[in-house]
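Dumped data.tsv below, it's TSV, C-alpha atoms:
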chain	number	residue	atom	x	y	z
W	149	MET	CA	0.00	0.00	0.00
W	150	PRO	CA	1.59	3.36	-1.01
W	151	ASP	CA	2.41	6.12	1.46
W	152	PHE	CA	1.16	9.69	1.12
W	153	VAL	CA	2.30	12.88	2.84
W	154	TYR	CA	-0.30	15.53	3.56
W	155	LYS	CA	-0.76	19.08	4.74
W	156	GLY	CA	-4.04	20.11	6.28
W	157	ARG	CA	-5.73	22.50	8.68
W	158	LEU	CA	-7.66	21.80	11.83
W	159	SER	CA	-10.96	23.48	12.62
W	160	SER	CA	-8.94	25.97	14.67
W	161	GLY	CA	-6.94	26.92	11.56
W	162	ASP	CA	-3.67	25.34	12.69
W	163	LEU	CA	-1.54	23.71	9.95
W	164	VAL	CA	-0.73	20.03	10.43
W	165	THR	CA	1.41	17.66	8.39
W	166	GLY	CA	1.85	13.91	8.44
W	167	GLU	CA	2.06	10.68	6.50
W	168	LEU	CA	-0.58	8.02	5.85
W	169	ALA	CA	-0.69	4.67	4.09
W	170	ALA	CA	-3.72	4.32	1.82
W	171	GLU	CA	-4.84	3.00	-1.56
W	172	SER	CA	-5.39	6.41	-3.15
W	173	ILE	CA	-5.44	10.15	-2.55
W	174	ASP	CA	-9.23	10.05	-2.15
W	175	THR	CA	-8.87	7.50	0.67
W	176	VAL	CA	-6.34	9.76	2.42
W	177	ALA	CA	-8.71	12.73	2.06
W	178	ALA	CA	-11.56	10.68	3.56
W	179	GLN	CA	-9.37	9.60	6.52
W	180	LEU	CA	-8.33	13.20	7.14
W	181	ALA	CA	-11.97	14.35	7.01
W	182	ASP	CA	-12.86	11.73	9.63
W	183	ARG	CA	-10.16	13.23	11.85
W	184	GLY	CA	-11.51	16.74	11.41
W	185	ILE	CA	-8.64	17.83	9.13
W	186	THR	CA	-9.23	19.76	5.94
W	187	PRO	CA	-6.60	18.60	3.41
W	188	VAL	CA	-4.54	21.29	1.68
W	189	GLU	CA	-2.02	19.09	-0.14
W	190	ILE	CA	-1.71	15.32	-0.59
W	191	ARG	CA	1.05	13.68	-2.63
W	192	PRO	CA	2.60	10.23	-2.83
W	193	VAL	CA	5.91	9.52	-1.11
W	194	VAL	CA	8.72	8.49	-3.42
W	195	HIS	CA	11.98	7.26	-1.89
W	196	ALA	CA	15.04	9.32	-2.71
W	197	ALA	CA	16.90	6.62	-4.65
W	198	GLN	CA	13.82	5.67	-6.63
W	199	ASP	CA	13.06	9.34	-7.23
W	200	GLY	CA	16.59	9.96	-8.53
W	201	VAL	CA	16.42	7.03	-10.93
W	202	GLN	CA	12.97	8.04	-12.18
W	203	GLN	CA	14.00	11.68	-12.66
W	204	LEU	CA	17.07	10.64	-14.65
W	205	TRP	CA	15.03	8.24	-16.77
W	206	ARG	CA	12.39	10.88	-17.48
W	207	LYS	CA	15.00	13.51	-18.35
W	208	LEU	CA	16.30	11.07	-20.94
W	209	GLY	CA	12.79	10.92	-22.40
W	210	GLY	CA	11.75	7.54	-20.97
W	211	GLY	CA	8.61	6.53	-19.15
W	212	ARG	CA	6.24	8.78	-21.09
W	213	PRO	CA	2.75	7.53	-21.91
W	214	SER	CA	2.42	6.06	-25.38
W	215	THR	CA	-0.01	7.31	-27.99
W	216	LYS	CA	-2.13	4.25	-27.21
W	217	ASP	CA	-2.36	5.26	-23.51
W	218	LEU	CA	-3.41	8.81	-24.44
W	219	THR	CA	-5.92	7.51	-27.00
W	220	MET	CA	-7.62	5.39	-24.37
W	221	PHE	CA	-7.54	8.30	-21.91
W	222	CYS	CA	-9.25	10.62	-24.42
W	223	ARG	CA	-11.88	7.99	-25.16
W	224	GLN	CA	-12.64	7.61	-21.45
W	225	MET	CA	-12.69	11.38	-20.90
W	226	HIS	CA	-15.11	11.77	-23.83
W	227	THR	CA	-17.46	9.29	-22.17
W	228	ILE	CA	-17.13	11.03	-18.78
W	229	THR	CA	-17.74	14.55	-20.10
W	230	ARG	CA	-20.61	13.46	-22.35
W	231	SER	CA	-22.40	11.59	-19.56
W	232	GLY	CA	-22.20	14.55	-17.17
W	233	ILE	CA	-20.07	12.85	-14.48
W	234	PRO	CA	-18.23	15.50	-12.39
W	235	LEU	CA	-14.65	15.96	-13.62
W	236	LEU	CA	-13.08	15.34	-10.22
W	237	ARG	CA	-14.92	12.06	-9.80
W	238	GLY	CA	-14.19	10.96	-13.34
W	239	LEU	CA	-10.48	11.84	-13.15
W	240	SER	CA	-10.19	10.10	-9.78
W	241	SER	CA	-11.67	6.95	-11.29
W	242	LEU	CA	-9.26	7.11	-14.24
W	243	MET	CA	-6.32	7.69	-11.92
W	244	ARG	CA	-7.14	4.54	-9.95
W	245	SER	CA	-7.63	2.42	-13.07
W	246	THR	CA	-4.65	3.52	-15.19
W	247	HIS	CA	-1.58	1.29	-15.12
W	248	HIS	CA	0.93	3.83	-16.45
W	249	PRO	CA	2.83	5.36	-13.49
W	250	MET	CA	3.67	8.71	-15.13
W	251	LEU	CA	0.11	9.23	-16.35
W	252	ARG	CA	-1.25	8.22	-12.94
W	253	GLU	CA	1.02	10.75	-11.18
W	254	ALA	CA	0.02	13.46	-13.65
W	255	LEU	CA	-3.69	12.77	-13.08
W	256	ALA	CA	-3.17	12.89	-9.31
W	257	GLU	CA	-1.56	16.33	-9.60
W	258	ILE	CA	-4.26	17.49	-12.04
W	259	ILE	CA	-6.94	16.51	-9.52
W	260	GLU	CA	-5.19	18.49	-6.79
W	261	SER	CA	-4.80	21.43	-9.17
W	262	LEU	CA	-8.54	21.37	-9.95
W	263	ARG	CA	-9.34	21.25	-6.24
W	264	SER	CA	-7.18	24.32	-5.69
W	265	GLY	CA	-9.29	26.27	-8.20
W	266	ARG	CA	-7.32	26.03	-11.44
W	267	GLY	CA	-8.98	25.31	-14.76
W	268	LEU	CA	-8.73	21.98	-16.57
W	269	SER	CA	-6.53	23.20	-19.43
W	270	GLU	CA	-4.25	25.07	-17.02
W	271	SER	CA	-3.89	21.88	-14.97
W	272	PHE	CA	-3.05	19.86	-18.08
W	273	ARG	CA	-0.53	22.50	-19.20
W	274	ARG	CA	1.53	21.88	-16.04
W	275	HIS	CA	2.53	18.46	-17.46
W	276	PRO	CA	4.15	19.12	-20.87
W	277	GLN	CA	5.98	15.77	-20.80
W	278	VAL	CA	2.63	13.96	-20.89
W	279	PHE	CA	0.28	16.28	-22.78
W	280	SER	CA	1.42	18.12	-25.92
W	281	SER	CA	0.72	21.79	-26.61
W	282	LEU	CA	-1.83	20.81	-29.28
W	283	PHE	CA	-3.59	18.54	-26.77
W	284	VAL	CA	-3.80	21.34	-24.17
W	285	SER	CA	-4.88	23.99	-26.70
W	286	ILE	CA	-7.84	21.91	-27.88
W	287	ILE	CA	-8.85	21.21	-24.26
W	288	ASP	CA	-8.62	24.95	-23.60
W	289	VAL	CA	-10.99	25.72	-26.48
W	290	GLY	CA	-13.38	22.97	-25.39
W	291	GLU	CA	-13.35	24.25	-21.81
W	292	SER	CA	-14.02	27.86	-22.80
W	293	THR	CA	-16.85	26.95	-25.20
W	294	GLY	CA	-18.45	24.24	-23.04
W	295	THR	CA	-17.73	21.48	-25.56
W	296	LEU	CA	-15.21	19.34	-23.67
W	297	ASP	CA	-16.85	16.14	-24.88
W	298	THR	CA	-16.33	17.19	-28.52
W	299	ALA	CA	-12.74	18.25	-27.79
W	300	PHE	CA	-11.88	14.87	-26.27
W	301	HIS	CA	-13.62	13.05	-29.13
W	302	ARG	CA	-11.57	15.01	-31.69
W	303	LEU	CA	-8.39	14.19	-29.79
W	304	TYR	CA	-9.38	10.53	-29.64
W	305	GLU	CA	-9.89	10.38	-33.41
W	306	TYR	CA	-6.66	12.27	-34.10
W	307	LEU	CA	-4.55	10.10	-31.78
W	308	SER	CA	-6.15	6.91	-33.13
W	309	MET	CA	-5.21	7.82	-36.71
W	310	ASP	CA	-1.72	8.89	-35.62
W	311	GLU	CA	-1.17	5.61	-33.79
W	312	GLN	CA	-2.38	3.64	-36.81
W	313	VAL	CA	0.10	5.40	-39.13
W	314	ARG	CA	2.97	4.91	-36.67
W	315	LYS	CA	2.24	1.20	-36.37
W	316	ARG	CA	2.11	0.70	-40.12
W	317	VAL	CA	5.40	2.54	-40.66
W	318	LYS	CA	7.14	0.58	-37.89
W	319	SER	CA	5.79	-2.70	-39.21
W	320	ALA	CA	6.98	-1.89	-42.73
W	321	VAL	CA	10.55	-0.93	-41.81
W	322	ARG	CA	11.01	-3.79	-39.34
W	323	TYR	CA	11.91	-6.34	-42.02
W	324	PRO	CA	14.75	-4.39	-43.70
W	325	PHE	CA	16.24	-3.45	-40.32
W	326	ILE	CA	16.23	-7.09	-39.22
W	327	VAL	CA	17.95	-8.11	-42.47
W	328	LEU	CA	20.62	-5.41	-42.11
W	329	ALA	CA	21.18	-6.35	-38.46
W	330	ALA	CA	21.56	-10.02	-39.43
W	331	ILE	CA	24.13	-9.07	-42.09
W	332	ALA	CA	26.09	-6.99	-39.58
W	333	MET	CA	26.08	-9.84	-37.03
W	334	ALA	CA	27.19	-12.36	-39.66
W	335	LEU	CA	30.09	-10.14	-40.72
W	336	GLY	CA	31.07	-9.69	-37.08
W	337	VAL	CA	31.09	-13.43	-36.40
W	338	ILE	CA	33.10	-14.15	-39.55
W	339	SER	CA	35.64	-11.42	-38.74
W	340	VAL	CA	36.15	-12.51	-35.13
W	341	PHE	CA	35.87	-16.30	-35.25
W	342	VAL	CA	36.25	-17.56	-38.83
W	343	ILE	CA	38.91	-15.48	-40.56
W	344	PRO	CA	41.52	-15.77	-37.73
W	345	ASN	CA	41.51	-19.57	-38.21
W	346	PHE	CA	42.28	-19.19	-41.92
W	347	ALA	CA	44.80	-16.35	-41.52
W	348	PRO	CA	47.90	-18.55	-40.89
W	349	LEU	CA	47.07	-20.59	-43.99
W	350	PHE	CA	46.66	-17.45	-46.10
W	351	ARG	CA	49.90	-15.93	-44.83
W	352	ALA	CA	51.75	-18.96	-46.18
W	353	LEU	CA	51.38	-17.35	-49.59
W	354	GLY	CA	53.78	-14.62	-48.53
W	355	ASP	CA	53.52	-11.55	-50.77
W	356	ASP	CA	51.07	-13.23	-53.14
W	357	ILE	CA	48.01	-12.68	-50.93
W	358	PRO	CA	45.11	-11.37	-53.09
W	359	LEU	CA	43.85	-7.87	-52.28
W	360	PRO	CA	40.35	-8.97	-51.07
W	361	THR	CA	41.98	-11.50	-48.72
W	362	LEU	CA	44.43	-8.90	-47.45
W	363	ILE	CA	41.59	-6.50	-46.70
W	364	ILE	CA	39.58	-9.17	-44.86
W	365	ILE	CA	42.62	-10.27	-42.78
W	366	SER	CA	43.44	-6.65	-41.90
W	367	VAL	CA	39.88	-5.94	-40.79
W	368	SER	CA	39.77	-9.17	-38.79
W	369	ASP	CA	43.11	-8.45	-37.08
W	370	PHE	CA	42.01	-4.94	-36.17
W	371	THR	CA	38.68	-6.21	-34.79
W	372	VAL	CA	40.31	-8.95	-32.69
W	373	ASN	CA	43.36	-7.02	-31.45
W	374	GLN	CA	41.99	-3.51	-31.16
W	375	TRP	CA	38.48	-4.24	-29.92
W	376	PRO	CA	38.82	-1.94	-26.84
W	377	LEU	CA	39.74	0.97	-29.13
W	378	LEU	CA	36.90	0.01	-31.46
W	379	LEU	CA	34.46	-0.13	-28.54
W	380	VAL	CA	35.57	3.25	-27.16
W	381	GLY	CA	35.40	4.78	-30.63
W	382	SER	CA	31.90	3.42	-31.23
W	383	VAL	CA	30.63	4.69	-27.86
W	384	GLY	CA	32.29	8.06	-28.41
W	385	THR	CA	30.82	8.35	-31.87
W	386	ALA	CA	27.36	7.45	-30.56
W	387	PHE	CA	27.58	10.09	-27.81
W	388	GLY	CA	28.90	12.66	-30.29
W	389	ILE	CA	26.05	12.02	-32.72
W	390	SER	CA	23.54	12.08	-29.85
W	391	TRP	CA	24.90	15.42	-28.61
W	392	TYR	CA	24.87	16.92	-32.11
W	393	LEU	CA	21.30	15.80	-32.70
W	394	LYS	CA	20.24	17.57	-29.51
W	395	THR	CA	21.46	20.90	-30.89
W	396	GLU	CA	18.97	22.98	-32.89
W	397	ASP	CA	21.09	23.00	-36.04
W	398	GLY	CA	21.96	19.30	-35.81
W	399	ARG	CA	18.39	18.22	-35.26
W	400	ALA	CA	17.13	20.36	-38.14
W	401	ARG	CA	19.78	18.98	-40.52
W	402	TRP	CA	19.06	15.37	-39.54
W	403	ASP	CA	15.29	15.81	-39.76
W	404	ARG	CA	15.70	17.25	-43.25
W	405	ARG	CA	18.14	14.54	-44.40
W	406	ARG	CA	16.00	11.65	-43.19
W	407	LEU	CA	13.10	12.94	-45.29
W	408	GLN	CA	15.41	12.61	-48.31
W	409	LEU	CA	16.39	8.99	-47.70
W	410	PRO	CA	15.70	6.61	-50.61
W	411	VAL	CA	12.31	4.85	-50.42
W	412	ILE	CA	11.77	5.38	-46.67
W	413	GLY	CA	12.16	9.18	-46.79
W	414	ALA	CA	9.05	9.65	-48.93
W	415	ILE	CA	7.02	7.53	-46.51
W	416	MET	CA	8.20	9.54	-43.49
W	417	LEU	CA	7.47	12.83	-45.28
W	418	GLU	CA	3.94	11.85	-46.28
W	419	ALA	CA	3.22	10.39	-42.82
W	420	SER	CA	4.40	13.67	-41.24
W	421	LEU	CA	2.30	15.75	-43.64
W	422	ALA	CA	-0.71	13.57	-42.85
W	423	ARG	CA	-0.12	14.35	-39.19
W	424	VAL	CA	0.25	18.10	-39.87
W	425	THR	CA	-2.93	18.34	-41.95
W	426	ARG	CA	-4.89	16.17	-39.51
W	427	SER	CA	-3.70	18.36	-36.62
W	428	LEU	CA	-4.70	21.49	-38.53
W	429	ALA	CA	-8.17	20.06	-39.18
W	430	VAL	CA	-8.62	19.16	-35.52
W	431	ALA	CA	-7.29	22.49	-34.23
W	432	ILE	CA	-9.35	24.70	-36.56
W	433	GLY	CA	-12.41	22.50	-36.10
W	434	ALA	CA	-12.04	22.94	-32.34
W	435	GLY	CA	-12.10	26.73	-32.76
W	436	LEU	CA	-8.44	27.72	-32.56
W	437	PRO	CA	-7.43	30.82	-34.59
W	438	MET	CA	-5.37	29.99	-37.67
W	439	ASN	CA	-2.10	31.51	-36.40
W	440	GLN	CA	-2.43	29.84	-33.00
W	441	ALA	CA	-3.26	26.52	-34.66
W	442	LEU	CA	-0.18	26.69	-36.90
W	443	SER	CA	2.06	27.76	-34.01
W	444	THR	CA	0.80	24.90	-31.87
W	445	ILE	CA	1.16	22.33	-34.66
W	446	ALA	CA	4.75	23.47	-35.36
W	447	LYS	CA	5.70	22.32	-31.86
W	448	SER	CA	4.13	18.89	-32.24
W	449	THR	CA	5.22	17.78	-35.71
W	450	GLY	CA	8.01	15.58	-34.34
W	451	ASN	CA	10.31	16.98	-37.05
W	452	VAL	CA	12.26	20.21	-36.50
W	453	TYR	CA	12.61	20.88	-40.22
W	454	LEU	CA	8.86	20.56	-40.85
W	455	GLY	CA	8.18	22.53	-37.67
W	456	GLY	CA	10.26	25.40	-39.06
W	457	ARG	CA	8.29	25.35	-42.32
W	458	VAL	CA	4.99	25.41	-40.41
W	459	ASN	CA	6.32	28.29	-38.29
W	460	GLY	CA	7.02	30.10	-41.55
W	461	MET	CA	3.39	29.56	-42.55
W	462	CYS	CA	2.30	30.94	-39.17
W	463	ALA	CA	4.45	34.07	-39.63
W	464	ALA	CA	2.99	34.62	-43.09
W	465	VAL	CA	-0.58	34.30	-41.80
W	466	GLU	CA	0.16	36.77	-39.00
W	467	ARG	CA	1.40	39.24	-41.62
W	468	GLY	CA	-2.00	39.04	-43.29
W	469	ARG	CA	-1.22	36.52	-46.00
W	470	SER	CA	-3.71	33.82	-46.93
W	471	LEU	CA	-3.17	30.22	-45.87
W	472	THR	CA	-2.87	29.22	-49.54
W	473	TRP	CA	-0.07	31.74	-50.10
W	474	ALA	CA	1.71	30.64	-46.92
W	475	ALA	CA	1.42	26.95	-47.86
W	476	THR	CA	2.76	27.68	-51.36
W	477	GLU	CA	5.79	29.52	-49.96
W	478	ALA	CA	6.46	26.67	-47.50
W	479	GLU	CA	6.98	24.30	-50.47
W	480	LEU	CA	5.63	21.33	-48.53
W	481	PHE	CA	2.47	20.45	-50.42
W	482	PRO	CA	1.85	19.30	-54.01
W	483	PRO	CA	-0.42	21.36	-56.31
W	484	LEU	CA	-3.45	19.14	-55.60
W	485	VAL	CA	-3.26	19.84	-51.86
W	486	LEU	CA	-2.67	23.57	-52.45
W	487	GLN	CA	-5.82	23.62	-54.59
W	488	MET	CA	-7.80	21.95	-51.79
W	489	ILE	CA	-6.50	24.52	-49.29
W	490	SER	CA	-7.50	27.33	-51.66
W	491	VAL	CA	-11.02	25.91	-52.07
W	492	GLY	CA	-11.27	25.46	-48.29
W	493	GLU	CA	-10.41	29.14	-47.72
W	494	GLU	CA	-12.92	30.32	-50.29
W	495	THR	CA	-15.75	28.15	-48.95
W	496	GLY	CA	-14.90	28.33	-45.25
W	497	SER	CA	-14.54	24.56	-45.00
W	498	ILE	CA	-10.83	24.25	-44.22
W	499	PRO	CA	-11.30	21.59	-41.47
W	500	ASP	CA	-13.21	19.26	-43.81
W	501	LEU	CA	-10.74	19.70	-46.66
W	502	MET	CA	-7.78	19.30	-44.31
W	503	ASP	CA	-9.32	16.02	-43.18
W	504	GLU	CA	-9.58	14.96	-46.82
W	505	THR	CA	-5.96	16.02	-47.36
W	506	ALA	CA	-4.88	13.92	-44.39
W	507	ASP	CA	-6.84	10.99	-45.83
W	508	PHE	CA	-5.09	11.55	-49.18
W	509	TYR	CA	-1.66	11.41	-47.54
W	510	GLN	CA	-2.65	8.38	-45.50
W	511	ARG	CA	-3.73	6.54	-48.65
W	512	GLU	CA	-0.37	7.42	-50.20
W	513	VAL	CA	1.43	6.13	-47.10
W	514	ASP	CA	-0.62	2.91	-47.17
W	515	TYR	CA	0.20	2.39	-50.85
W	516	ARG	CA	3.91	2.98	-50.31
W	517	LEU	CA	3.97	0.73	-47.27
W	518	GLU	CA	2.31	-2.09	-49.19
W	519	ASN	CA	5.02	-1.81	-51.85
W	520	LEU	CA	7.89	-1.10	-49.47
W	521	SER	CA	9.12	-4.69	-49.34
W	522	ALA	CA	9.17	-4.90	-53.14
W	523	ALA	CA	11.10	-1.61	-53.32
W	524	LEU	CA	13.66	-2.60	-50.68
W	525	GLU	CA	14.24	-6.18	-51.83
W	526	PRO	CA	16.60	-5.23	-54.71
W	527	ILE	CA	18.64	-3.01	-52.36
W	528	LEU	CA	18.89	-5.76	-49.75
W	529	ILE	CA	19.75	-8.38	-52.37
W	530	VAL	CA	22.56	-6.19	-53.73
W	531	ALA	CA	23.89	-5.51	-50.21
W	532	VAL	CA	23.88	-9.21	-49.30
W	533	GLY	CA	25.41	-10.10	-52.68
W	534	VAL	CA	28.27	-7.63	-52.24
W	535	CYS	CA	29.06	-8.95	-48.76
W	536	VAL	CA	28.99	-12.57	-49.97
W	537	LEU	CA	31.15	-11.70	-53.00
W	538	ILE	CA	33.80	-10.00	-50.89
W	539	LEU	CA	33.92	-12.88	-48.42
W	540	ALA	CA	33.96	-15.49	-51.18
W	541	LEU	CA	36.78	-13.78	-53.05
W	542	GLY	CA	38.71	-13.24	-49.85
W	543	VAL	CA	38.47	-16.89	-48.80
W	544	PHE	CA	38.62	-18.76	-52.11
W	545	LEU	CA	41.13	-16.74	-54.14
W	546	PRO	CA	44.11	-17.72	-51.96
W	547	MET	CA	42.93	-21.35	-51.96
W	548	TRP	CA	42.88	-21.34	-55.76
W	549	ASP	CA	46.40	-19.84	-55.77
W	550	MET	CA	47.63	-22.54	-53.41
W	551	VAL	CA	46.04	-25.27	-55.54
W	552	GLY	CA	47.66	-23.75	-58.63
W	553	LYS	CA	51.05	-23.69	-56.97
W	554	ALA	CA	50.62	-27.30	-55.79
W	555	LYS	CA	49.82	-28.41	-59.33
W	556	GLY	CA	52.86	-26.52	-60.59
W	557	LEU	CA	55.04	-28.46	-58.26
Take the structure I supplied and represent it as structure tokens, if you would.
Amino acid sequence: MPDFVYKGRLSSGDLVTGELAAESIDTVAAQLADRGITPVEIRPVVHAAQDGVQQLWRKLGGGRPSTKDLTMFCRQMHTITRSGIPLLRGLSSLMRSTHHPMLREALAEIIESLRSGRGLSESFRRHPQVFSSLFVSIIDVGESTGTLDTAFHRLYEYLSMDEQVRKRVKSAVRYPFIVLAAIAMALGVISVFVIPNFAPLFRALGDDIPLPTLIIISVSDFTVNQWPLLLVGSVGTAFGISWYLKTEDGRARWDRRRLQLPVIGAIMLEASLARVTRSLAVAIGAGLPMNQALSTIAKSTGNVYLGGRVNGMCAAVERGRSLTWAATEAELFPPLVLQMISVGEETGSIPDLMDETADFYQREVDYRLENLSAALEPILIVAVGVCVLILALGVFLPMWDMVGKAKGL
């Protein structure tokens, strides 16, 4: 049973503090009420060592709720707000039933924030690691217009589509990554365990060692004899790349380059544009102003390069330009999509047309994903063939030379 620390006031107004073991914050509040104490603050106790490990893990980006967790949360919140259940009671029920620790802690703090008089969107905004700026902005609009149920339903639909695209992309690229990893492991095993056993036999040729064999022996010797240097170099390179990617310039360059990768880059670009257009449809449909919607979406694209382009669109709209003009200058969308945006501006139906645009991109992503294996197979076959050719030449050429010399004798 978890422990909770509390602050409360007696009927006389004196402040008291203490610690209780209970199943939930609501149970602690009930126990304090039975004792004649009005709770001011209740929070779970986390041991110092555990807290340090969790803080480090969360700073590294771990432990955050997945899109699936947030999708289920939005679906449950839509049901709660539509049925008229009080928010505090509904959130307390969700907090007790959720299995994700970070989401559960966030909901506990949101409940306390609501009890202290803050609004729902303001309480959500205090947890940026769990709830994105787009998420909070749509809740803010729903709260101010009295349409929280619609806001949560829109978020549920948006997150569901986003999760579906992510799953399809991950499923499609899993096969080529497994093949490449298997090739790398095979080369490592051959270099460390196989080639060293043949090396003394190859060196018997003296200066007549073929070039492919010489390269393979050199690589194998370096791997076996200099593995600590290789390990340190690999770790250092990984940390260097990680540090560079955390810089603004490095992240922007990498995000732009990965959209230009053969085959996979086009899929990532269209999946990202589907997310941008779907987000724009949801944000404008929820009532956000155009510039605020674009500014919010720029922070949640997941790609710094695309985020910069969307920020450029936002700046153009704030200067009084039309969305069509801003989208044309951003050079992100094909003519067909620009035409749909133009029609949406003229007819006032941008959310509907943005939804259709997102569906268009999703169909393109689905088509590319279905043909991804066929597109990558030639590349993988060539890669495997080159590796096999190098190994075959390196192993068999010296054997043929030795057989030729033996016949000459």
Could you jot down the atom CA of W:Leu349 to atom CA of W:Ile538 separation for me, Å, one decimal place?
->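 Separation between atom CA of W:Leu349 and atom CA of W:Ile538: 18.3 Å.
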Counting only C-alpha atoms, the option among W:Pro376, W:Pro344, W:Gly435, W:Gly184 closest to W:Ser292 = W:Gly435
Of the candidates W:Ile489, W:Cys462, W:Ile415, W:Glu494, which one gets nearest to W:Val313 if we count all atoms listed in the file?
->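 Distance minimum relative to W:Val313 lands on W:Ile415.
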To one decimal place, how far is atom CA of W:Lys155 from atom CA of W:Phe279 in Å?
-> 27.7 Å
Looking at all atoms listed in the file, which of W:Thr215, W:Thr165, W:Ser280, W:Ser339 is the one that sits closest to W:Lys447?
->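 Distance minimum relative to W:Lys447 lands on W:Ser280.
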Pick out the residues sitting within 12 Å of W:Arg314, and hand them over as a list of chain:residue names; count only C-alpha atoms, and ignore anything fewer than 4 positions along from it in its own chain.
->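 Counting only C-alpha atoms, the residues come to W:Ser214, W:Thr215, W:Lys216, W:Leu307, W:Ser308, W:Met309, W:Asp310, W:Lys318, W:Ser319, W:Ala320, W:Val321, W:Ile415, W:Met416, W:Glu418, W:Ala419, W:Ser420, W:Ala422, W:Arg423, W:Gln510, W:Val513, W:Asp514, W:Leu517.
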Go through W:Asn459, W:Val289, W:Ser240, W:Val491 one by one, measure the shortest atom-to-atom distance of each to W:Glu477 using all atoms listed in the file, and give the residue with the smallest value.
->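 Counting all atoms listed in the file, the residue closest to W:Glu477 is W:Asn459.
Remark: for W:Leu163, the closest of the candidate residues W:Thr298, W:Ala177, W:Ile185, W:Val485 is W:Ile185 (distances computed over all atoms listed in the file).
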Counting all atoms listed in the file, figure out which residue out of W:Ala464, W:Leu239, W:Asn439, W:Ser382 gets nearest to W:Arg263.
->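 Checking each of W:Ala464, W:Leu239, W:Asn439, W:Ser382 against W:Arg263, counting all atoms listed in the file, the winner is W:Leu239.
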List the neighbours of W:Thr371 out to 9 Å using all atoms listed in the file; skip same-chain residues closer than 5 positions along the sequence, and give me the result as a PyMOL selection string.
-> chain W and resi 336+339-340+366+378
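Counting only C-alpha atoms, W:Val188 has the following residues at most 9 Å away, ignoring those fewer than 6 positions along the same chain: Tyr154, Lys155, Gly156, Arg157, Glu260 and Ser264 of chain W.
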